[in-house]
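> Could you have a look at this structure, given as structure tokens, before my questions?
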Amino acid sequence: MKTYGFIAGLILFCICGGYATPAEHFDFRRTRWGMTQIDVATAEPSEPLLVGKHLLAYEIDLMGHNTNLTYHFPQGLLFEAMYVTNNLSTEKYIKHLNNIKQTLTDKYGKPSTENWPCDSMSANKKKLVQEIRQGKTSCALKWKTPRTNICLSAFGGDNQAYISISYTAPKNSQKLDSF
């Protein structure tokens with residue numbers, strides 16, 4: 001009899017939201033702003049490559065490219081997550097950048113802020129990537145949702161070209177009290 005009560009309680013716990021959290025309640029991947037490093041590490045399917053006082057770092061596949069994923073924990077709670085991809089050929093860099101831009105636009109709509117000279121220079125892809133690698137050109141698009149700010153950036157320097165996508169908790173929640 002006790003076994004049935006325990007099983008019924010466990011089923012009720014899961015149905016009412018114990019371990020079954022709907023995807024729409026996540027802010028980034030399978031995490032929410034304000035989670036601890038242990039919570040985030042548990043939510044990630046792989047082991048972190050680096051664990052620091054205020055960060056966790058992973059290497060993942062993002063749309064077919066090796067990408068660094070870093071979680072930042074100021075005050076010990078998740079506030080930002082960032083993908084960074086580099087070491088791509090000119091053609092792969094432009095294609096990956098455009099695919100990410102389109103994916104984010106499809107998901108979040110038109111960007112709320114644009115500084116995107118990359119489109120006007122896309123006719124000459126080699127020159128665009130060369131200027132990004134030299135640090136002469138950078139591009140950024142920003143989206144906002146009620147719980148997350150998203151920024152896609154193309155930037156570089158020292159002959160490296162990077163693509164980053166940062167996800168942050170809204171600025172007014174830096175104390176993370178509302179999580």
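Going by the structure tokens order, chains are called A, B, ..., each with residues numbered from 1, while ligands are numbered from 1 in the order shown.
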With a distance cut-off of 8 Å and only C-alpha atoms, select the neighbouring residues of region 62-75 of chain A, excluding the residue or stretch itself and same-chain residues fewer than 6 positions from it, and output the selection as an MDAnalysis selection string.

chainID A and resid 36:37 54:56 81:86 96

> Please, which residues of chain A, numbered as in this document, come out strand (DSSP E or B) from DSSP, as a count of residues only?

54

> Compile the contact shell of Arg29 (chain A) as a ChimeraX atom specification: residues with an atom at most 10 Å away, counting only C-alpha atoms, same-chain residues fewer than 6 positions apart removed.

/A:23,40,43-44,81

> Could you write out, as a ChimeraX atom specification, all the residues of region 12-164 of chain A that DSSP marks as alpha helix (DSSP H)?

/A:12-15,37-43,90-108,125-133

> Could you tell me how far CA of Tyr167 (chain A) sits from CA of Glu59 (chain A), in Å to one decimal place?

16.8 Å

> Write out as a PyMOL selection string each polymer residue whose atoms come within 6 Å of region 110-124 of chain A, counting only C-alpha atoms; drop sequence neighbours fewer than 4 positions from it.

chain A and resi 105+128+139-143

> Have a look at A:Tyr108, A:Thr90, A:Leu152, A:Gly76 and name the one nearest to Gly52 (chain A); count only C-alpha atoms.

A:Gly76

> Pick from A:Thr42, A:Thr145, A:Gln130, A:Asn87: nearest to Gly109 (chain A), with only C-alpha atoms counted?

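Closest residue, counting only C-alpha atoms: A:Thr145.
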
> Name the closest residue to Glu47 (chain A) among the candidates A:Val129, A:Ile100, A:Ile60, A:Ala154; distances are taken between atoms, counting only C-alpha atoms.

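Nearest candidate to Glu47 (chain A) out of A:Val129, A:Ile100, A:Ile60, A:Ala154: A:Ile60.
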
> Which residue gives the smallest distance to Thr148 (chain A) among A:Asn99, A:Thr168, A:Thr31, A:Ser89, with only C-alpha atoms counted?

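Result for the nearest residue to Thr148 (chain A): A:Thr168.
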
> Quick one: residues within 9 Å of Trp33 (chain A), only C-alpha atoms counted, chain neighbours fewer than 6 positions away excluded, as a list in words?

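Near neighbours after the sequence-gap exclusion: Phe26, Asp27, Leu77, Leu78, Phe79, Glu80, Arg147, Thr148, Thr168, Ala169, Leu176 and Phe179 of chain A.
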
> Looking at A:Ile38, A:Pro170, A:Ile163, A:Lys136, which one is nearest to Lys95 (chain A), with distances taken over only C-alpha atoms?

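Distance minimum relative to Lys95 (chain A) lands on A:Ile163.
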